[in-house]
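File shown here: protein.txt, holding compact mmCIF, C-alpha atoms.
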```
# COMPACT_ATOMS: atom_id res chain seq x y z
CA MET A 254 -30.87 41.02 84.41
CA GLU A 255 -28.07 39.82 82.46
CA SER A 256 -28.64 36.77 80.32
CA PRO A 257 -26.58 33.81 81.32
CA SER A 258 -23.60 33.34 79.13
CA LYS A 259 -23.95 30.59 76.61
CA ALA A 260 -21.52 27.79 77.06
CA LYS A 261 -19.36 27.29 74.08
CA PRO A 262 -19.47 23.75 72.67
CA GLN A 263 -16.30 21.94 73.20
CA LYS A 264 -14.54 20.64 70.13
CA LYS A 265 -14.06 16.94 69.99
CA LYS A 266 -10.51 15.93 69.78
CA LYS A 267 -9.87 13.91 66.71
CA ASN A 268 -7.90 10.81 67.13
CA LYS A 269 -4.76 11.00 65.20
CA LYS A 270 -4.57 8.45 62.44
CA PRO A 271 -1.72 6.07 62.68
CA SER A 272 1.20 7.04 60.58
CA LYS A 273 1.49 5.30 57.22
CA ARG A 274 5.15 5.01 57.78
CA VAL A 275 6.13 1.40 57.61
CA THR A 276 8.93 0.42 59.90
CA GLU A 277 10.82 -2.69 60.47
CA LYS A 278 10.37 -4.67 63.60
CA ASN A 279 13.51 -3.19 65.09
CA ASP A 280 12.32 0.42 64.33
CA GLU A 281 14.95 1.02 61.74
CA GLN A 282 14.54 3.29 58.73
CA PRO A 283 11.42 2.69 56.57
CA THR A 284 11.77 0.37 53.63
CA LYS A 285 12.08 1.99 50.23
CA MET A 286 9.86 1.02 47.33
CA SER A 287 11.67 -0.90 44.63
CA ARG A 288 12.50 1.24 41.64
CA GLN A 289 10.75 0.28 38.41
CA LYS A 290 13.17 -1.03 35.83
CA TRP A 291 12.53 0.03 32.25
CA PRO A 292 13.72 -2.03 29.29
CA ASN A 293 16.55 -0.54 27.31
CA ASN A 294 14.32 -0.09 24.27
CA ASP A 295 11.83 2.00 26.23
CA GLU A 296 14.58 4.16 27.68
CA VAL A 297 15.96 4.84 24.22
CA LEU A 298 12.46 5.58 22.95
CA LEU A 299 11.80 8.01 25.78
CA ALA A 300 15.07 9.79 25.08
CA GLN A 301 14.18 10.03 21.41
CA GLY A 302 10.83 11.54 22.35
CA VAL A 303 12.50 14.17 24.52
CA ILE A 304 14.87 15.07 21.70
CA SER A 305 12.15 15.21 19.06
CA SER A 306 10.05 17.54 21.21
CA SER A 307 12.91 20.04 21.52
CA VAL A 308 14.31 20.24 17.99
CA ASP A 309 11.83 22.78 16.68
CA PRO A 310 13.61 26.17 16.66
CA ILE A 311 10.40 28.12 17.31
CA ILE A 312 8.33 26.20 19.83
CA GLY A 313 10.87 23.65 21.01
CA ASN A 314 11.87 25.63 24.13
CA ASN A 315 8.85 27.93 24.25
CA GLN A 316 6.02 25.68 25.43
CA THR A 317 4.40 24.74 28.68
CA GLY A 318 5.36 21.66 30.60
CA ASP A 319 2.04 19.92 29.88
CA ALA A 320 2.40 20.51 26.14
CA TYR A 321 6.00 19.37 26.21
CA TRP A 322 5.34 16.09 27.97
CA SER A 323 2.23 15.45 25.91
CA GLU A 324 4.42 15.55 22.80
CA VAL A 325 6.86 13.15 24.43
CA GLU A 326 3.99 10.83 25.35
CA LYS A 327 2.60 10.99 21.81
CA TYR A 328 5.99 10.13 20.35
CA TYR A 329 6.41 7.26 22.81
CA ASN A 330 3.00 5.74 22.04
CA GLU A 331 3.27 6.02 18.26
CA SER A 332 6.90 5.16 17.64
CA GLU A 333 9.31 2.31 17.97
CA PRO A 334 12.99 2.65 18.96
CA GLU A 335 15.55 2.32 16.22
CA ILE A 336 17.19 -0.63 17.98
CA SER A 337 14.01 -2.70 17.88
CA LYS A 338 13.85 -5.96 16.04
CA PRO A 339 13.71 -5.62 12.24
CA GLY A 340 10.38 -6.34 10.59
CA ARG A 341 8.35 -5.45 13.69
CA CYS A 342 5.57 -3.00 12.94
CA GLN A 343 5.76 0.19 14.93
CA HIS A 344 1.98 0.30 15.32
CA PHE A 345 1.61 -3.03 17.12
CA LYS A 346 1.61 -1.12 20.39
CA TYR A 347 -1.43 0.85 19.26
CA PHE A 348 -3.53 -2.27 18.70
CA THR A 349 -3.31 -3.42 22.29
CA GLN A 350 -5.70 -2.85 25.16
CA ARG A 351 -4.14 -0.43 27.61
CA TYR A 352 -5.15 1.28 30.83
CA ASP A 353 -5.45 5.01 31.31
CA ASP A 354 -4.18 7.00 34.31
CA VAL A 355 -7.30 6.18 36.35
CA GLY A 356 -6.93 2.47 35.70
CA VAL A 357 -9.86 2.11 33.32
CA LYS A 358 -9.50 -0.23 30.37
CA GLY A 359 -9.24 1.35 26.96
CA LEU A 360 -10.51 0.13 23.62
CA SER A 361 -9.81 -3.46 22.73
CA PRO A 362 -7.95 -4.47 19.54
CA ILE A 363 -11.17 -5.99 18.17
CA GLN A 364 -12.96 -2.65 18.48
CA LYS A 365 -10.17 -0.79 16.69
CA CYS A 366 -9.81 -3.31 13.86
CA THR A 367 -13.58 -3.62 13.42
CA SER A 368 -13.93 0.13 13.12
CA ALA A 369 -11.18 0.29 10.49
CA ILE A 370 -12.49 -2.64 8.44
CA ARG A 371 -16.05 -1.29 8.45
CA GLN A 372 -14.82 1.99 7.03
CA LEU A 373 -12.80 0.15 4.36
CA ALA A 374 -15.42 -2.41 3.35
CA TYR A 375 -18.62 -0.37 3.60
CA GLY A 376 -17.30 3.14 3.10
CA ALA A 377 -18.92 4.11 6.38
CA SER A 378 -18.16 7.45 7.92
CA ALA A 379 -16.20 7.59 11.14
CA ASP A 380 -19.14 8.67 13.30
CA GLN A 381 -21.25 5.65 12.28
CA CYS A 382 -19.21 3.52 14.69
CA ASP A 383 -20.37 5.47 17.75
CA GLU A 384 -23.27 3.30 18.84
CA TYR A 385 -22.23 -0.05 17.36
CA ILE A 386 -18.60 -0.21 18.47
CA ARG A 387 -18.69 2.48 21.18
CA ILE A 388 -15.82 4.43 19.68
CA GLY A 389 -15.53 8.14 18.96
CA GLU A 390 -15.19 9.75 15.56
CA SER A 391 -11.65 11.03 15.95
CA THR A 392 -10.51 7.72 17.43
CA SER A 393 -12.18 5.84 14.58
CA ILE A 394 -10.29 7.92 12.01
CA GLU A 395 -7.06 7.28 13.88
CA CYS A 396 -7.79 3.53 13.90
CA LEU A 397 -8.26 3.58 10.13
CA HIS A 398 -4.94 5.33 9.53
CA LYS A 399 -3.03 3.08 11.93
CA PHE A 400 -4.62 -0.07 10.54
CA CYS A 401 -3.79 0.78 6.92
CA ARG A 402 -0.23 1.79 7.81
CA SER A 403 0.26 -1.48 9.70
CA VAL A 404 -1.10 -3.58 6.83
CA VAL A 405 1.25 -1.92 4.37
CA GLU A 406 4.30 -2.33 6.62
CA VAL A 407 3.62 -5.95 7.59
CA PHE A 408 2.17 -7.44 4.39
CA GLY A 409 3.47 -5.02 1.75
CA PRO A 410 6.77 -6.87 1.11
CA ARG A 411 4.79 -9.99 0.18
CA TYR A 412 1.66 -8.74 -1.59
CA LEU A 413 3.08 -5.60 -3.25
CA ARG A 414 6.29 -7.21 -4.46
CA ARG A 415 7.34 -7.72 -8.05
CA PRO A 416 6.90 -11.20 -9.57
CA ASN A 417 9.80 -13.57 -9.02
CA GLN A 418 10.94 -16.32 -11.38
CA ASP A 419 8.20 -18.74 -10.31
CA ASP A 420 5.54 -16.07 -10.67
CA ILE A 421 6.79 -15.19 -14.15
CA GLN A 422 6.46 -18.80 -15.32
CA ARG A 423 2.99 -19.10 -13.80
CA LEU A 424 1.82 -15.86 -15.41
CA LEU A 425 3.16 -16.92 -18.80
CA GLN A 426 1.37 -20.26 -18.61
CA LEU A 427 -1.85 -18.69 -17.29
CA HIS A 428 -2.23 -16.10 -20.04
CA SER A 429 -1.12 -18.48 -22.75
CA GLU A 430 -3.87 -20.93 -21.78
CA LYS A 431 -6.62 -18.41 -21.08
CA HIS A 432 -6.01 -15.79 -23.78
CA GLY A 433 -3.56 -17.31 -26.22
CA PHE A 434 -1.11 -14.42 -25.74
CA VAL A 435 2.31 -16.02 -25.35
CA GLY A 436 4.66 -13.95 -23.15
CA MET A 437 1.90 -11.88 -21.55
CA LEU A 438 2.41 -10.82 -17.93
CA GLY A 439 -0.77 -8.79 -17.40
CA SER A 440 -2.71 -5.71 -18.43
CA ILE A 441 -1.80 -2.14 -17.52
CA ASP A 442 -4.11 0.82 -17.05
CA CYS A 443 -4.87 3.76 -14.74
CA MET A 444 -7.77 4.53 -12.42
CA HIS A 445 -8.89 7.86 -10.93
CA TRP A 446 -9.93 8.15 -7.28
CA ALA A 447 -11.99 11.23 -6.48
CA TRP A 448 -10.64 13.48 -3.74
CA ARG A 449 -13.14 15.32 -1.55
CA ASN A 450 -11.12 17.12 1.13
CA TYR A 451 -8.43 18.51 -1.13
CA PRO A 452 -6.53 21.72 -0.37
CA THR A 453 -8.12 24.57 -2.27
CA ALA A 454 -4.80 25.67 -3.74
CA TRP A 455 -4.33 22.22 -5.31
CA LYS A 456 -7.70 22.02 -7.07
CA GLY A 457 -6.41 22.96 -10.51
CA GLN A 458 -3.40 20.67 -10.23
CA TYR A 459 -5.52 17.60 -9.48
CA THR A 460 -8.48 18.31 -11.79
CA ARG A 461 -8.79 17.10 -15.36
CA GLY A 462 -11.40 18.29 -17.81
CA ASP A 463 -13.07 14.94 -18.41
CA HIS A 464 -13.62 14.43 -14.66
CA GLY A 465 -14.41 17.94 -13.47
CA HIS A 466 -13.23 17.39 -9.89
CA PRO A 467 -9.88 16.66 -8.20
CA THR A 468 -8.68 13.07 -8.48
CA ILE A 469 -5.59 11.01 -7.67
CA MET A 470 -4.40 8.39 -10.13
CA LEU A 471 -3.53 4.74 -9.60
CA GLU A 472 -1.52 2.80 -12.16
CA ALA A 473 -1.83 -0.97 -11.86
CA VAL A 474 -0.87 -4.14 -13.68
CA ALA A 475 -3.26 -7.06 -13.12
CA SER A 476 -3.24 -10.65 -14.29
CA HIS A 477 -6.18 -12.78 -15.41
CA ASP A 478 -6.76 -14.09 -11.87
CA LEU A 479 -7.01 -10.46 -10.65
CA TRP A 480 -3.65 -10.39 -8.89
CA ILE A 481 -2.50 -6.75 -8.87
CA TRP A 482 1.27 -7.18 -8.89
CA HIS A 483 2.10 -3.53 -9.59
CA ALA A 484 0.47 -0.48 -7.98
CA PHE A 485 1.72 3.09 -8.32
CA PHE A 486 -0.45 5.69 -6.57
CA GLY A 487 -0.21 9.42 -5.91
CA VAL A 488 0.07 11.17 -9.29
CA ALA A 489 -2.11 14.27 -9.74
CA GLY A 490 -5.35 13.65 -11.61
CA SER A 491 -4.60 16.30 -14.24
CA ASN A 492 -2.06 13.94 -15.86
CA ASN A 493 -2.77 11.31 -18.47
CA ASP A 494 -1.61 7.69 -18.62
CA ILE A 495 1.61 8.59 -20.45
CA ASN A 496 2.65 11.06 -17.74
CA VAL A 497 1.99 8.44 -15.09
CA LEU A 498 3.99 5.84 -17.01
CA ASN A 499 6.99 8.18 -17.21
CA GLN A 500 6.97 8.51 -13.40
CA SER A 501 6.15 4.89 -12.66
CA PRO A 502 8.74 2.31 -11.52
CA VAL A 503 7.00 -0.49 -13.43
CA PHE A 504 9.99 -1.10 -15.73
CA ASN A 505 12.79 -0.18 -13.32
CA GLN A 506 13.88 -3.79 -12.86
CA LEU A 507 14.28 -4.21 -16.61
CA LEU A 508 16.37 -1.05 -16.86
CA GLU A 509 18.57 -2.07 -13.93
CA GLY A 510 19.02 -5.59 -15.26
CA ASN A 511 17.47 -7.20 -12.15
CA ALA A 512 14.27 -8.52 -13.73
CA PRO A 513 13.69 -12.30 -13.72
CA GLN A 514 14.20 -14.07 -17.00
CA CYS A 515 11.17 -14.14 -19.28
CA ASN A 516 11.95 -16.04 -22.47
CA PHE A 517 9.25 -17.12 -24.90
CA ILE A 518 8.86 -17.98 -28.57
CA VAL A 519 5.98 -16.75 -30.70
CA ASN A 520 5.59 -17.45 -34.41
CA GLY A 521 9.15 -18.80 -34.56
CA ASN A 522 10.75 -15.67 -33.03
CA GLU A 523 12.38 -15.59 -29.60
CA TYR A 524 11.91 -12.73 -27.13
CA THR A 525 13.52 -12.09 -23.75
CA GLN A 526 11.11 -9.55 -22.22
CA GLY A 527 7.53 -10.04 -21.17
CA TYR A 528 4.84 -7.56 -22.13
CA SER A 529 1.57 -6.12 -20.88
CA LEU A 530 -1.54 -5.30 -22.87
CA ALA A 531 -2.35 -1.59 -23.04
CA ASP A 532 -4.87 0.74 -24.63
CA GLY A 533 -4.25 3.22 -27.43
CA ILE A 534 -2.81 6.11 -25.40
CA TYR A 535 0.29 4.19 -24.30
CA PRO A 536 3.52 4.49 -26.34
CA GLU A 537 4.74 1.81 -28.71
CA TRP A 538 7.33 0.13 -26.52
CA SER A 539 8.61 -3.42 -26.69
CA THR A 540 7.05 -4.23 -23.28
CA LEU A 541 3.58 -2.98 -24.29
CA VAL A 542 1.26 -4.51 -26.88
CA LYS A 543 -1.42 -2.25 -28.30
CA SER A 544 -4.26 -2.89 -30.68
CA PHE A 545 -4.71 -1.58 -34.22
CA VAL A 546 -6.56 1.72 -34.29
CA TYR A 547 -8.34 1.36 -37.64
CA PRO A 548 -7.82 -2.10 -39.14
CA PRO A 549 -8.90 -2.41 -42.78
CA ASN A 550 -12.20 -4.12 -43.44
CA ASN A 551 -10.61 -6.65 -45.76
CA ASN A 552 -7.91 -7.67 -43.27
CA LEU A 553 -9.54 -10.33 -41.08
CA LYS A 554 -6.37 -11.03 -39.11
CA MET A 555 -6.03 -7.45 -37.89
CA GLN A 556 -9.70 -7.25 -36.98
CA TYR A 557 -9.51 -10.53 -35.07
CA PHE A 558 -6.39 -9.41 -33.22
CA LYS A 559 -8.08 -6.13 -32.31
CA ARG A 560 -11.08 -7.94 -30.78
CA ARG A 561 -8.91 -10.37 -28.85
CA GLN A 562 -6.52 -7.72 -27.54
CA GLU A 563 -9.32 -5.42 -26.37
CA SER A 564 -11.18 -8.27 -24.67
CA CYS A 565 -8.10 -9.63 -22.89
CA ARG A 566 -7.07 -6.13 -21.83
CA LYS A 567 -10.20 -5.96 -19.66
CA ASP A 568 -8.45 -7.99 -16.96
CA VAL A 569 -7.18 -4.83 -15.32
CA GLU A 570 -10.61 -3.22 -15.66
CA ARG A 571 -12.15 -6.23 -13.92
CA ALA A 572 -9.54 -5.92 -11.20
CA PHE A 573 -10.48 -2.26 -10.65
CA GLY A 574 -14.16 -3.16 -10.50
CA VAL A 575 -13.67 -6.01 -8.03
CA LEU A 576 -11.38 -3.84 -5.91
CA GLN A 577 -14.00 -1.09 -5.68
CA SER A 578 -16.84 -3.54 -5.03
CA ARG A 579 -15.00 -5.19 -2.14
CA TRP A 580 -13.73 -1.97 -0.56
CA ALA A 581 -16.35 0.74 -0.85
CA ILE A 582 -14.06 3.40 0.57
CA ILE A 583 -12.33 3.49 -2.84
CA ARG A 584 -15.62 3.70 -4.70
CA GLY A 585 -16.46 6.95 -2.95
CA PRO A 586 -14.31 10.09 -2.79
CA GLY A 587 -11.29 10.16 -0.50
CA ARG A 588 -12.00 11.93 2.77
CA SER A 589 -8.48 12.55 4.03
CA THR A 590 -6.54 15.72 3.36
CA SER A 591 -3.20 13.91 3.25
CA ILE A 592 -2.00 12.14 0.10
CA PRO A 593 0.26 9.71 2.06
CA VAL A 594 -2.74 8.66 4.16
CA LEU A 595 -4.82 8.11 1.01
CA GLY A 596 -1.91 6.11 -0.39
CA ASP A 597 -1.88 3.87 2.68
CA ILE A 598 -5.63 3.32 2.31
CA MET A 599 -5.29 2.43 -1.38
CA HIS A 600 -2.36 0.08 -0.85
CA ALA A 601 -4.04 -1.56 2.15
CA CYS A 602 -7.14 -2.28 0.03
CA ILE A 603 -4.96 -3.76 -2.72
CA ILE A 604 -3.14 -5.97 -0.20
CA LEU A 605 -6.40 -7.20 1.32
CA HIS A 606 -7.76 -7.80 -2.20
CA SER A 607 -4.68 -9.90 -3.02
CA MET A 608 -5.19 -11.87 0.21
CA ILE A 609 -8.70 -12.76 -0.91
CA VAL A 610 -7.45 -13.79 -4.35
CA GLU A 611 -4.77 -15.95 -2.73
CA ASP A 612 -7.33 -17.53 -0.40
CA GLU A 613 -9.39 -18.51 -3.44
CA GLY A 614 -6.48 -20.60 -4.69
CA HIS A 615 -4.98 -18.23 -7.24
CA MET A 616 -2.27 -15.63 -7.33
CA ILE A 617 1.27 -15.69 -6.11
CA THR A 618 3.59 -18.48 -5.11
CA ASP A 619 5.39 -18.80 -1.79
CA TRP A 620 7.84 -15.94 -1.63
CA SER A 621 11.40 -16.02 -0.38
CA ARG A 622 14.37 -14.08 -1.62
CA GLU A 623 16.21 -16.24 -4.10
CA GLU A 624 19.95 -16.59 -3.82
CA HIS A 625 20.50 -16.41 -7.55
CA GLU A 626 18.73 -13.06 -7.93
CA PRO A 627 21.14 -10.48 -9.38
CA GLU A 628 22.31 -7.69 -7.13
CA PRO A 629 21.71 -4.02 -7.99
CA PRO A 630 24.40 -2.42 -10.15
CA SER A 631 27.39 -1.07 -8.26
CA TYR A 632 28.37 2.59 -8.37
CA ASN A 633 31.80 4.03 -8.88
CA GLY A 634 32.58 7.75 -8.79
CA GLY A 635 28.91 8.74 -8.99
CA ALA A 636 28.15 6.75 -12.19
CA PRO A 637 27.17 3.06 -12.54
CA THR A 638 29.81 0.80 -13.98
CA GLU A 639 27.25 -0.76 -16.32
CA PHE A 640 25.93 2.52 -17.66
CA ALA A 641 26.49 1.43 -21.26
CA HIS A 642 24.37 -1.67 -20.64
CA TYR A 643 21.76 0.52 -19.01
CA LEU A 644 21.49 2.66 -22.15
CA GLN A 645 21.23 -0.47 -24.25
CA ARG A 646 18.37 -1.79 -22.10
CA PHE A 647 16.71 1.63 -22.27
CA ARG A 648 16.79 1.62 -26.08
CA SER A 649 15.55 -1.96 -26.16
CA LEU A 650 12.67 -1.12 -23.83
CA ARG A 651 11.45 1.77 -26.01
CA SER A 652 12.06 0.09 -29.35
CA LYS A 653 9.17 0.79 -31.70
CA TYR A 654 10.49 -1.77 -34.21
CA THR A 655 10.31 -4.55 -31.60
CA HIS A 656 6.80 -3.46 -30.66
CA ILE A 657 5.52 -3.71 -34.23
CA ALA A 658 7.29 -7.01 -34.87
CA LEU A 659 5.92 -8.53 -31.65
CA ARG A 660 2.39 -7.39 -32.44
CA ASN A 661 2.53 -8.88 -35.94
CA ASN A 662 3.87 -12.17 -34.61
CA LEU A 663 1.12 -12.31 -32.00
CA MET A 664 -1.45 -11.58 -34.68
CA GLU A 665 -0.21 -14.52 -36.77
CA HIS A 666 -0.10 -16.76 -33.69
CA LEU A 667 -3.68 -15.97 -32.68
CA TRP A 668 -4.93 -16.45 -36.22
CA ASP A 669 -3.25 -19.86 -36.39
CA LEU A 670 -4.89 -20.84 -33.10
CA LYS A 671 -8.27 -19.80 -34.46
CA GLN A 672 -7.81 -21.81 -37.65
CA ALA A 673 -6.72 -24.83 -35.61
CA ASN A 674 -9.79 -24.59 -33.39
CA VAL A 675 -12.08 -24.32 -36.40
CA ALA A 676 -10.46 -27.37 -37.96
CA ASN A 677 -10.85 -29.38 -34.76
CA GLU A 678 -14.54 -28.50 -34.51
CA GLU A 679 -15.17 -29.68 -38.05
```
Go ahead and render the structure in this file as structure tokens.
Amino acid sequence: MESPSKAKPQKKKKNKKPSKRVTEKNDEQPTKMSRQKWPNNDEVLLAQGVISSSVDPIIGNNQTGDAYWSEVEKYYNESEPEISKPGRCQHFKYFTQRYDDVGVKGLSPIQKCTSAIRQLAYGASADQCDEYIRIGESTSIECLHKFCRSVVEVFGPRYLRRPNQDDIQRLLQLHSEKHGFVGMLGSIDCMHWAWRNYPTAWKGQYTRGDHGHPTIMLEAVASHDLWIWHAFFGVAGSNNDINVLNQSPVFNQLLEGNAPQCNFIVNGNEYTQGYSLADGIYPEWSTLVKSFVYPPNNNLKMQYFKRRQESCRKDVERAFGVLQSRWAIIRGPGRSTSIPVLGDIMHACIILHSMIVEDEGHMITDWSREEHEPEPPSYNGGAPTEFAHYLQRFRSLRSKYTHIALRNNLMEHLWDLKQANVANEE
């Protein structure tokens, strides 16, 4: 007997879902979504990103669509259009809390800034912020770079500027009262920062025999209240202080004739240029005051001047020590492979150090560009019109005769102050 045929189960008819098409009450065409309007700045920025992603002659037109638009997105997130307001930092957009494509909140500005400051202040590695701040290693490194770059761009014009006329008068009065050196603007010296992740091909260029490992040099001028008003960073560690001085812009304002006036009288002689205390390796220039190398035993004035000059010159050494104690990232070796990134870290630490000094009631005056400041020299036919005056200022800056005369006058002035103090005590 044949088995009865099995009845096939009938498929349930699915109810059709109502169409998502939205119609008007009179069944006219569906309404269109309003088009998002982009600000003009964002449109310009997006166009700049498209252009920048296509200019490379090798990979500009030979990349996938995902790679292409990822470069455009990276340019858009990290840049600012050229028509933006002047003085606005291009990294402000990075330190904002944004949403990703899924709609999840990203890292907050407090997390990013805390990660950067912990690395600067404690010298912590990037992966130490994983559990405490809930931020990845690569993102923590990026936060450090963005934070330092933003600090330099926003606060650099104020805290890394050259002293103006009010600052000059305050520095002259400060050092005259504290040290007795009339006309002193600060102390100059160099510091080496060890470099860990250096390119192997650059090891010999950045290594000096007395250190034994690659370093990068920082030249600074600091006052008695630890204000670092000159910082020049980036010279290879194989150089000495003289090589750094020849590349430094510390005396560019004097050579250009744009320096504020600095007139003082010492031992009955008038001078028009301030000076900085320096150690024995520096040249005998009129803007540098060195000590005597081997003063005779029977010359008490020279021996007294040597002790005073060497003790007062420690202001810049104290500034280096305080800078490294406050920002441990400088005390340890630099971990970045890029010298510009290390420069941003160094300058950011100096700016934050100057902020602390200012908060303690010292340092600089309120800054604003003065109307009576001289303009830079004009150029005509490729040569400055005041080139003869430039050569005169150059010879005056490197005058050995002025250096010796100024040192002798300071020696007599300090000895007179000592004799006056002894007489007052008696």
>> Residues within 8 Å of segment 400-406 of chain A, please, as an MDAnalysis selection string. Count all atoms listed in the file; anything in the same chain fewer than 2 positions from it doesn't count.
In response: chainID A and resid 342:345 366 369 396:398 408:410 597:598 600:601 604
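Computed from the coordinates, the atom CA of Asn505 of chain A to atom CA of Trp448 of chain A distance equals 28.8 Å.
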>> When you look at segment 569-577 of chain A with a cut-off of 7 Å (counting only C-alpha atoms), what residues show up, excluding the ones that are within fewer than 3 positions of it in the same chain? I need them as a PyMOL selection string.
In response: chain A and resi 440-442+474-475+479+566+580-581+583-584+606
At a cut-off of 6 Å, using only C-alpha atoms, what residues contact segment 454-467 of chain A? Leave out same-chain residues fewer than 3 positions from it and give the result as a compact mmCIF listing (two decimals) with C-alpha atoms, keeping the file's coordinate frame.
```txt
# COMPACT_ATOMS: atom_id res chain seq x y z
CA TRP A 448 -10.64 13.48 -3.74
CA ALA A 489 -2.11 14.27 -9.74
CA GLY A 490 -5.35 13.65 -11.61
CA SER A 491 -4.60 16.30 -14.24
```
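Considering only C-alpha atoms, the residue among A:Ser607, A:Thr655, A:Asn516, A:Gln645 positioned nearest to Leu413 of chain A is A:Ser607.
Proximity to Asp478 of chain A was assessed for A:Gly585, A:Gly614, A:Gly510, A:Gly359 counting all atoms listed in the file; the smallest distance is recorded for A:Gly614.
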>> For a test of reading the model, state the distance in Å between atom CA of Ser305 of chain A and atom CA of Thr392 of chain A, rounded to one decimal.
In response: 23.9 Å
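Minimum atom-to-atom distance to Gln556 of chain A, evaluated using all atoms listed in the file, belongs to A:Trp668 out of A:Met599, A:Trp668, A:Gln506, A:Arg579.
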For Thr317 of chain A, list every protein, DNA or RNA residue within 12 Å, evaluated using only C-alpha atoms, and leave out those in the same chain fewer than 6 positions away; present the list as a PDB file with C-alpha atoms, in the coordinates of the input.
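File part-v3.pdb, as written:
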```pdb
ATOM      1  CA  SER A 306      10.050  17.540  21.210  1.00  0.00           C
ATOM      2  CA  SER A 323       2.230  15.450  25.910  1.00  0.00           C
ATOM      3  CA  GLU A 324       4.420  15.550  22.800  1.00  0.00           C
TER       4      GLU A 324
END
```
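Our summary of the geometry notes that atom CA of Gly487 of chain A is positioned 13.5 Å from atom CA of Asn499 of chain A.
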Would you place a box with edges along x, y and z of the file around all atoms of segment 420-431 of chain A listed there, add 5 Å to each of its six sides, and report the centre and edge lengths in Å to one decimal, as AutoDock Vina command-line options?
```
--center_x 0.1 --center_y -18.1 --center_z -16.7 --size_x 23.4 --size_y 15.7 --size_z 22.1
```
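Proximity to Phe558 of chain A was assessed for A:Leu530, A:Leu663, A:Leu650, A:Leu471 counting only C-alpha atoms; the smallest distance is recorded for A:Leu663.
Compared by their closest atoms to Ala447 of chain A, and using all atoms listed in the file, the residues A:Pro513, A:Gly587, A:Pro548, A:Gly318 rank with A:Gly587 nearest.
Ranking A:Leu595, A:His483, A:Arg660, A:Ile582 by their shortest atom-to-atom distance to Arg371 of chain A, with all atoms listed in the file included, puts A:Ile582 first.
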>> Residues within 12 Å of Leu659 of chain A, please, as number ranges by chain. Count all atoms listed in the file; anything in the same chain fewer than 2 positions from it doesn't count.
In response: A: 434-437, 517-530, 537-544, 652-657, 661-666
